[in-house]
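Please read the structure below before turning to the comments.
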Amino acid sequence: MADNDRSRKVAVIAGAGPAGLTAALELLRRTDMLPIVLEADTQVGGISKTVDYRGNRMDLGGHRFFSKSDWVMKWWQEILPVAGGHADANDALRITYQQQSRELIPECLAPAGADAVMLVRQRLSRIFYRRHYFDYPLKLNASTLKNLGLIDALRIGLSYGQAQLITRSPETTLEDFFINRFGDRLYRTFFKDYTEKVWGVPCEEISAEWGAQRIKGLSVTKAIAHALTSPFRRLSDTAQKQTETSLIERFLYPKFGPGQMWEEVARQVAARGGQIHLRHRVIGIERNGFDVSAVSVRDEVTGAVRKVVCDHFISTLPVKDLVSFLGSTDEKVRRVAERLPYRDFMTAGLLLRKMKQTTHGAKAARANGMPPDNWIYIQEPDVRIGRLQVFNNWSPSMVADPSTIWLGLEYFCGEGDDLWSMDSGRFIDFAASELEKIGMIDRRDVLDGTLVRVPKAYPAYFGEYSHFGTVRAYLEQFSNLYPVGRNGMHRYNNQDHSMLAANSAVTSIINCGRDKSAIWNINAEEEYHEEVGRAA
Ligand SMILES: Cc1cc2nc3c(=O)[nH]c(=O)nc-3n(C[C@H](O)[C@H](O)[C@H](O)COP(=O)(O)OP(=O)(O)OC[C@H]3O[C@@H](n4cnc5c(N)ncnc54)[C@H](O)[C@@H]3O)c2cc1C
C-alpha cells in the first residue's frame, strides 16, 4: 500500500461490506474525494459475501434483496439488472420480504442467460419439528393439526384460551410477551427453543420490549378465524385469490449469491479510482481531540503496520472495537462499549449426492430427495442446528454440479464456545451427524464439506445495550467520524439499512458534517424486522 496521495481529500472507510462499499461508490459519484477502503477479510461483501468452495457457493444466512426504499431498489438494479425471462419489461412485479411487500417495475431487463443479473426467486421456507414439516408462517390447517396430533392441538387451543383470560402482568420478559399472545403451550412448542437457540439466552432473560420491537404480533385469533371460515370460502372468491397471491413471496437475488452484488460494486469503485485494500485490518485510530486524523492499519499478509492520514473516517467496525481504538477516557463509555453483546454464527456447507425422501410432507421433493425450500427452520430440541439452507433453491448457479445438493447448516453460537472452538473437520462430521439424526440424510451420501465462521453476525439488544445512548453520544462528538452499518451502529440492519446509513454519511460529509442525526434515524422506527420469533 503506497503512501497517501494528499492532493485530494481522503475518506478512509473501515470495512468493505455493503455499508463501506456503498459509501465508497457514492463518494466517487458525488464528490472528488478519494475513498480508501480497508478490509480485514480476503474478499469484499462482509456478512453479505458469497463464499466460493470448489465452485459451490455459500450465502451466509440467505440474503433476500428487498427494500422499502426506492433509492436502494434502483441502486441495486443499476449494478445488477433483473434478468429477462424472470419479469416482463414495464410490468410491475410484486416482491415481498418479512411480510412486507412492494411493487417493483424493473428499471431495465438484462438478456436472459446473462450472468451479471439478479433473478426473481420464489420463496418457500418451512419449520421442521417432530420429524415433520410445518408451514411457515405457522398456519392452523389440516396438515398442522395432523402433524401435531388432535390432543396436542386441543391443548394448544385451551392454553391459548387460558392466556386470553389470565394475562401475565406486568409483562416484563420475552416469555411473558409470547405467552400473553400465543398461550404457554404454543410458545413452548414453536417459539421458546428456537429463540433460545438463536440468542443463547433464556426467554425469561430477554425483555418484553425487545419482543414488541422485534417480533410481529402473529394474531392467533386471525389464524383461528381463517381456519374456521375457510370451508365456507369459495375458491372463485376474488378476495381469497388476492390473499393467495400475496402469500406467494418473491424476492430478488443475484445469480451467484449476494456477494456478486458487492464484488461488482467493488469493481466499479476501483474503476473510478477508489482504493480497496483486502487483508488490511484497522488496528488503531489517531485523533486530535474529537477529530480523527489518521488510521493505523496492519497488512495481514506481511504484518507491516502503517498510518493512513484522513479527512473523514467512515467506520463499519464493531462499535466495541471503534471505541477501544478511540481510547475514550470516559469510564462508562468504555465499559458499555466493551460489554456490548453479540451473537455469532457458523455455517457448515455440505455437498450431498442425495437426501432421504421420507420426510418431505405434501410439498414435492426432487428425485434426489432435495426439498423444495430455500431454507428450513429446524425446531427439533435434540439437535443444535438452527436452520438449513438449500442453496440450489436460491439460485441454481450456486451449485457446480446441478445433480448434487448443496446445503448450509446454520448454527447460532458464541465466539469461543464449544461449537465455535470445535476443529473444522470435526464440526463438519458433527453437522452431518445431526442431519442424519433427524432423518434427513444418510451420512454416506455426503460428498464434501466446509465450514465458515461469522463473528458478530448479530449485534444483540440485551445486557449493556440498554446504555448504548452513552456510547452514541460520545461518538457524535467527533466532527469527522461516521459510524454506519450493522455492527458499525450496533443495530439489527439489513443490507438496505446499511446502505442508506452510508449514503446519509456521504450527504453529511458533503454538507460539512450537518444532518449527522439522519444516519441514526435509519431503521430506528419501532417496527419489527423479524419473522415471527425468528432471526432474519
Ligand atoms: C443470518 C443472516 C441473514 C441475513 N439476511 C439478510 C437478508 O435476507 N437481506 C438483507 O438485506 N440482509 C440480511 N442480513 C443482514 C446483512 O448481512 C447485513 O445487513 C450487511 O451485511 C451489513 O453490512 P455492513 O457493511 O453494515 O456490515 P458487514 O457486512 O458486517 O461488513 C463489515 C466489514 O467490516 C470488516 N471489518 C471488521 N473489522 C475490521 C477491521 N478491524 N479492519 C478492517 N475491516 C474490518 C468485516 O470483515 C466486514 O467485511 C442477514 C444477516 C445475517 C447474519
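Following the order of the C-alpha cells, chains are lettered A, B, ..., residues in each are numbered from 1, and ligands are numbered from 1.
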Point to revise | Exercise: Lys332 of chain A partners within 12 Å, only C-alpha atoms, chain neighbours under 2 positions left out, as a PyMOL selection string | key: chain A and resi 323+328-330+334-339+464+467-474
What are the nearest atom pairs, with distances in Å to one decimal, for all residues of segment 13-121 of chain A that come at most 12 Å from segment 304-314 of chain A, using only C-alpha atoms, set out by chain and rising residue number as a Markdown table?
| residue | atom | partner | partner_atom | distance |
| --- | --- | --- | --- | --- |
| A:Ile13 | CA | A:Ile314 | CA | 4.7 |
| A:Ala14 | CA | A:Ile314 | CA | 6.4 |
| A:Gly15 | CA | A:Ile314 | CA | 8.9 |
| A:Ala16 | CA | A:Ile314 | CA | 11.0 |
| A:Ala19 | CA | A:Ile314 | CA | 9.3 |
| A:Gly20 | CA | A:Ile314 | CA | 7.5 |
| A:Leu21 | CA | A:Ile314 | CA | 10.7 |
| A:Thr22 | CA | A:Ile314 | CA | 11.1 |
| A:Ala23 | CA | A:Ile314 | CA | 8.0 |
| A:Ala24 | CA | A:Ile314 | CA | 9.5 |
| A:Leu27 | CA | A:Ile314 | CA | 11.1 |
| A:Met33 | CA | A:Asp311 | CA | 9.4 |
| A:Leu34 | CA | A:Cys310 | CA | 9.7 |
| A:Pro35 | CA | A:His312 | CA | 9.4 |
| A:Ile36 | CA | A:Val308 | CA | 8.9 |
| A:Val37 | CA | A:Ile314 | CA | 9.3 |
| A:Leu38 | CA | A:Val308 | CA | 10.0 |
Saved selection, atoms kept: all heavy atoms, as an mmCIF file, in the first residue's frame:
data_model
loop_
_atom_site.group_PDB
_atom_site.id
_atom_site.type_symbol
_atom_site.label_atom_id
_atom_site.label_comp_id
_atom_site.auth_asym_id
_atom_site.auth_seq_id
_atom_site.Cartn_x
_atom_site.Cartn_y
_atom_site.Cartn_z
ATOM 1 N N ILE A 13 -12.357 4.389 4.821
ATOM 2 C CA ILE A 13 -13.557 3.609 5.138
ATOM 3 C C ILE A 13 -13.098 2.272 5.703
ATOM 4 O O ILE A 13 -12.362 1.532 5.043
ATOM 5 C CB ILE A 13 -14.413 3.383 3.862
ATOM 6 C CG1 ILE A 13 -14.828 4.737 3.269
ATOM 7 C CG2 ILE A 13 -15.638 2.512 4.178
ATOM 8 C CD1 ILE A 13 -15.469 4.654 1.893
ATOM 9 N N ALA A 14 -13.518 1.951 6.924
ATOM 10 C CA ALA A 14 -13.137 0.668 7.518
ATOM 11 C C ALA A 14 -14.234 -0.337 7.237
ATOM 12 O O ALA A 14 -15.358 -0.186 7.713
ATOM 13 C CB ALA A 14 -12.921 0.824 9.013
ATOM 14 N N GLY A 15 -13.904 -1.372 6.423
ATOM 15 C CA GLY A 15 -14.865 -2.427 6.120
ATOM 16 C C GLY A 15 -15.411 -2.330 4.706
ATOM 17 O O GLY A 15 -15.865 -1.266 4.287
ATOM 18 N N ALA A 16 -15.313 -3.445 3.955
ATOM 19 C CA ALA A 16 -15.835 -3.484 2.579
ATOM 20 C C ALA A 16 -17.094 -4.338 2.498
ATOM 21 O O ALA A 16 -17.273 -5.154 1.604
ATOM 22 C CB ALA A 16 -14.753 -4.005 1.624
ATOM 23 N N ALA A 19 -22.189 -1.458 3.613
ATOM 24 C CA ALA A 19 -22.122 -0.055 4.039
ATOM 25 C C ALA A 19 -20.855 0.604 3.492
ATOM 26 O O ALA A 19 -20.920 1.674 2.870
ATOM 27 C CB ALA A 19 -22.155 0.032 5.562
ATOM 28 N N GLY A 20 -19.711 -0.040 3.699
ATOM 29 C CA GLY A 20 -18.441 0.561 3.286
ATOM 30 C C GLY A 20 -18.373 0.763 1.779
ATOM 31 O O GLY A 20 -17.928 1.816 1.297
ATOM 32 N N LEU A 21 -18.825 -0.228 1.022
ATOM 33 C CA LEU A 21 -18.729 -0.120 -0.441
ATOM 34 C C LEU A 21 -19.726 0.890 -0.998
ATOM 35 O O LEU A 21 -19.439 1.591 -1.976
ATOM 36 C CB LEU A 21 -18.921 -1.498 -1.087
ATOM 37 C CG LEU A 21 -17.747 -2.467 -0.844
ATOM 38 C CD1 LEU A 21 -18.068 -3.844 -1.397
ATOM 39 C CD2 LEU A 21 -16.452 -1.935 -1.465
ATOM 40 N N THR A 22 -20.910 0.978 -0.364
ATOM 41 C CA THR A 22 -21.881 1.994 -0.813
ATOM 42 C C THR A 22 -21.292 3.372 -0.578
ATOM 43 O O THR A 22 -21.358 4.253 -1.454
ATOM 44 C CB THR A 22 -23.216 1.847 -0.041
ATOM 45 O OG1 THR A 22 -23.712 0.529 -0.243
ATOM 46 C CG2 THR A 22 -24.251 2.861 -0.505
ATOM 47 N N ALA A 23 -20.681 3.572 0.596
ATOM 48 C CA ALA A 23 -20.072 4.873 0.896
ATOM 49 C C ALA A 23 -19.001 5.194 -0.136
ATOM 50 O O ALA A 23 -18.929 6.312 -0.661
ATOM 51 C CB ALA A 23 -19.481 4.859 2.302
ATOM 52 N N ALA A 24 -18.161 4.192 -0.457
ATOM 53 C CA ALA A 24 -17.056 4.437 -1.405
ATOM 54 C C ALA A 24 -17.615 4.834 -2.772
ATOM 55 O O ALA A 24 -17.160 5.819 -3.382
ATOM 56 C CB ALA A 24 -16.189 3.182 -1.518
ATOM 57 N N LEU A 27 -19.224 8.318 -2.659
ATOM 58 C CA LEU A 27 -18.225 9.391 -2.583
ATOM 59 C C LEU A 27 -17.648 9.673 -3.966
ATOM 60 O O LEU A 27 -17.451 10.822 -4.358
ATOM 61 C CB LEU A 27 -17.098 9.000 -1.612
ATOM 62 C CG LEU A 27 -17.382 9.214 -0.124
ATOM 63 C CD1 LEU A 27 -16.340 8.504 0.737
ATOM 64 C CD2 LEU A 27 -17.418 10.714 0.223
ATOM 65 N N MET A 33 -13.513 13.400 -3.632
ATOM 66 C CA MET A 33 -12.654 12.810 -2.593
ATOM 67 C C MET A 33 -12.166 11.432 -3.007
ATOM 68 O O MET A 33 -12.792 10.777 -3.841
ATOM 69 C CB MET A 33 -13.446 12.641 -1.292
ATOM 70 C CG MET A 33 -13.655 13.935 -0.576
ATOM 71 S SD MET A 33 -14.616 13.653 0.907
ATOM 72 C CE MET A 33 -15.422 15.229 1.023
ATOM 73 N N LEU A 34 -11.091 11.010 -2.355
ATOM 74 C CA LEU A 34 -10.566 9.671 -2.614
ATOM 75 C C LEU A 34 -11.001 8.730 -1.482
ATOM 76 O O LEU A 34 -10.587 8.919 -0.334
ATOM 77 C CB LEU A 34 -9.029 9.723 -2.678
ATOM 78 C CG LEU A 34 -8.333 8.354 -2.714
ATOM 79 C CD1 LEU A 34 -8.594 7.642 -4.044
ATOM 80 C CD2 LEU A 34 -6.819 8.508 -2.491
ATOM 81 N N PRO A 35 -11.808 7.718 -1.782
ATOM 82 C CA PRO A 35 -12.125 6.755 -0.733
ATOM 83 C C PRO A 35 -11.051 5.666 -0.656
ATOM 84 O O PRO A 35 -10.648 5.099 -1.676
ATOM 85 C CB PRO A 35 -13.469 6.155 -1.180
ATOM 86 C CG PRO A 35 -13.543 6.388 -2.646
ATOM 87 C CD PRO A 35 -12.570 7.470 -3.023
ATOM 88 N N ILE A 36 -10.571 5.401 0.548
ATOM 89 C CA ILE A 36 -9.618 4.297 0.754
ATOM 90 C C ILE A 36 -10.306 3.296 1.679
ATOM 91 O O ILE A 36 -10.567 3.590 2.852
ATOM 92 C CB ILE A 36 -8.303 4.789 1.391
ATOM 93 C CG1 ILE A 36 -7.656 5.859 0.507
ATOM 94 C CG2 ILE A 36 -7.352 3.625 1.636
ATOM 95 C CD1 ILE A 36 -6.316 6.389 1.034
ATOM 96 N N VAL A 37 -10.644 2.135 1.114
ATOM 97 C CA VAL A 37 -11.385 1.137 1.884
ATOM 98 C C VAL A 37 -10.389 0.117 2.448
ATOM 99 O O VAL A 37 -9.601 -0.470 1.701
ATOM 100 C CB VAL A 37 -12.435 0.413 1.004
ATOM 101 C CG1 VAL A 37 -13.275 -0.539 1.843
ATOM 102 C CG2 VAL A 37 -13.325 1.411 0.273
ATOM 103 N N LEU A 38 -10.432 -0.106 3.756
ATOM 104 C CA LEU A 38 -9.542 -1.078 4.404
ATOM 105 C C LEU A 38 -10.385 -2.245 4.891
ATOM 106 O O LEU A 38 -11.319 -2.058 5.684
ATOM 107 C CB LEU A 38 -8.832 -0.406 5.587
ATOM 108 C CG LEU A 38 -8.083 0.891 5.234
ATOM 109 C CD1 LEU A 38 -7.605 1.596 6.498
ATOM 110 C CD2 LEU A 38 -6.914 0.592 4.294
#
Review point. Which chains and residue numbers are within 6 Å of ligand 1, counting only C-alpha atoms and all ligand atoms, if I want them as a VMD selection string?
Key: chain A and resid 14 to 20 38 to 41 45 to 48 61 to 65 280 to 283 316 to 317 457 to 458 485 to 486 493 to 496 498 536
Store the residues of this selection in a file with N, CA and C atoms, as a compact mmCIF listing (two decimals), in the first residue's frame.
# COMPACT_ATOMS: atom_id res chain seq x y z
N ALA A 14 -13.52 1.95 6.92
CA ALA A 14 -13.14 0.67 7.52
C ALA A 14 -14.23 -0.34 7.24
N GLY A 15 -13.90 -1.37 6.42
CA GLY A 15 -14.87 -2.43 6.12
C GLY A 15 -15.41 -2.33 4.71
N ALA A 16 -15.31 -3.44 3.95
CA ALA A 16 -15.84 -3.48 2.58
C ALA A 16 -17.09 -4.34 2.50
N GLY A 17 -17.98 -4.15 3.49
CA GLY A 17 -19.31 -4.76 3.41
C GLY A 17 -20.23 -3.82 2.65
N PRO A 18 -21.54 -4.09 2.64
CA PRO A 18 -22.48 -3.23 1.92
C PRO A 18 -22.37 -1.75 2.32
N ALA A 19 -22.19 -1.46 3.61
CA ALA A 19 -22.12 -0.06 4.04
C ALA A 19 -20.86 0.60 3.49
N GLY A 20 -19.71 -0.04 3.70
CA GLY A 20 -18.44 0.56 3.29
C GLY A 20 -18.37 0.76 1.78
N LEU A 38 -10.43 -0.11 3.76
CA LEU A 38 -9.54 -1.08 4.40
C LEU A 38 -10.39 -2.25 4.89
N GLU A 39 -10.09 -3.43 4.39
CA GLU A 39 -10.90 -4.60 4.70
C GLU A 39 -10.02 -5.73 5.24
N ALA A 40 -10.38 -6.25 6.41
CA ALA A 40 -9.56 -7.29 7.04
C ALA A 40 -9.68 -8.64 6.32
N ASP A 41 -10.81 -8.90 5.71
CA ASP A 41 -11.09 -10.21 5.09
C ASP A 41 -10.34 -10.34 3.75
N GLY A 45 -17.74 -7.79 0.74
CA GLY A 45 -19.13 -8.23 0.94
C GLY A 45 -19.54 -8.33 2.40
N GLY A 46 -18.55 -8.40 3.31
CA GLY A 46 -18.89 -8.53 4.74
C GLY A 46 -19.75 -9.77 4.96
N ILE A 47 -20.78 -9.64 5.78
CA ILE A 47 -21.66 -10.80 6.04
C ILE A 47 -22.43 -11.15 4.75
N SER A 48 -22.55 -10.18 3.85
CA SER A 48 -23.28 -10.42 2.61
C SER A 48 -22.37 -10.93 1.49
N GLY A 61 -26.39 -17.06 5.53
CA GLY A 61 -27.63 -16.57 6.13
C GLY A 61 -28.79 -16.53 5.16
N GLY A 62 -28.51 -16.48 3.87
CA GLY A 62 -29.61 -16.41 2.90
C GLY A 62 -30.07 -14.97 2.79
N HIS A 63 -29.55 -14.23 1.80
CA HIS A 63 -29.84 -12.80 1.71
C HIS A 63 -30.84 -12.48 0.62
N ARG A 64 -32.05 -12.12 1.04
CA ARG A 64 -33.03 -11.66 0.06
C ARG A 64 -32.79 -10.18 -0.20
N PHE A 65 -32.94 -9.77 -1.44
CA PHE A 65 -32.75 -8.37 -1.80
C PHE A 65 -34.13 -7.72 -1.89
N HIS A 280 -6.32 -6.00 5.03
CA HIS A 280 -5.77 -4.85 5.75
C HIS A 280 -6.70 -4.56 6.93
N ARG A 281 -6.20 -4.82 8.12
CA ARG A 281 -7.03 -4.68 9.32
C ARG A 281 -6.74 -3.37 10.04
N VAL A 282 -7.79 -2.62 10.32
CA VAL A 282 -7.64 -1.40 11.12
C VAL A 282 -7.32 -1.82 12.55
N ILE A 283 -6.24 -1.28 13.10
CA ILE A 283 -5.86 -1.67 14.47
C ILE A 283 -5.74 -0.47 15.43
N THR A 316 -17.30 1.00 9.70
CA THR A 316 -18.30 -0.07 9.84
C THR A 316 -17.75 -1.11 10.83
N LEU A 317 -16.71 -0.72 11.57
CA LEU A 317 -16.13 -1.61 12.59
C LEU A 317 -17.16 -1.84 13.69
N ALA A 457 -22.20 -11.81 14.05
CA ALA A 457 -23.23 -11.78 12.99
C ALA A 457 -24.45 -10.99 13.43
N TYR A 458 -24.76 -11.08 14.73
CA TYR A 458 -25.94 -10.38 15.26
C TYR A 458 -25.54 -9.45 16.40
N GLY A 485 -23.69 1.26 9.36
CA GLY A 485 -23.80 -0.18 9.10
C GLY A 485 -24.33 -0.96 10.28
N ARG A 486 -24.22 -2.26 10.18
CA ARG A 486 -24.84 -3.17 11.14
C ARG A 486 -24.08 -3.16 12.47
N ASN A 493 -29.42 -4.13 11.35
CA ASN A 493 -29.66 -3.62 10.00
C ASN A 493 -29.61 -4.71 8.94
N ASN A 494 -30.48 -4.61 7.96
CA ASN A 494 -30.31 -5.38 6.74
C ASN A 494 -29.42 -4.60 5.78
N GLN A 495 -29.11 -5.21 4.64
CA GLN A 495 -28.22 -4.53 3.69
C GLN A 495 -28.71 -3.13 3.35
N ASP A 496 -30.02 -3.00 3.11
CA ASP A 496 -30.53 -1.70 2.67
C ASP A 496 -30.35 -0.63 3.74
N SER A 498 -27.98 -0.56 5.97
CA SER A 498 -26.55 -0.23 5.99
C SER A 498 -26.21 0.71 4.84
N ALA A 536 -33.50 -13.09 11.05
CA ALA A 536 -33.55 -12.90 9.60
C ALA A 536 -32.74 -13.94 8.88
Practice item. Identify which of the residues A:Gly488, A:Gly349, A:Gly211, A:Gly463 lies closest to Trp520 of chain A, counting only C-alpha atoms when measuring atom-to-atom distances. Key: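 Smallest distance to Trp520 of chain A is found for A:Gly488.
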Please report as CSV every residue of segment 151-205 of chain A lying within 12 Å of segment 116-133 of chain A, along with the nearest atom pair and their distance in Å (one decimal), using only C-alpha atoms.
residue,atom,partner,partner_atom,distance
A:Thr189,CA,A:Tyr129,CA,9.0
A:Phe190,CA,A:Tyr129,CA,8.6
A:Phe191,CA,A:Ile127,CA,11.1
A:Asp193,CA,A:Tyr129,CA,11.1
A:Tyr194,CA,A:Ile127,CA,10.4
Practice item. Could you check which of A:Val319, A:Leu148, A:Ile509, A:Val383 is closest to Val484 of chain A, using only C-alpha atoms? Key: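 Checking each candidate against Val484 of chain A, we get A:Val319 as the closest.
Shortest atom-to-atom contact with His277 of chain A among A:Ala524, A:Leu340, A:Leu109, A:Val44: A:Val44, counting only C-alpha atoms.
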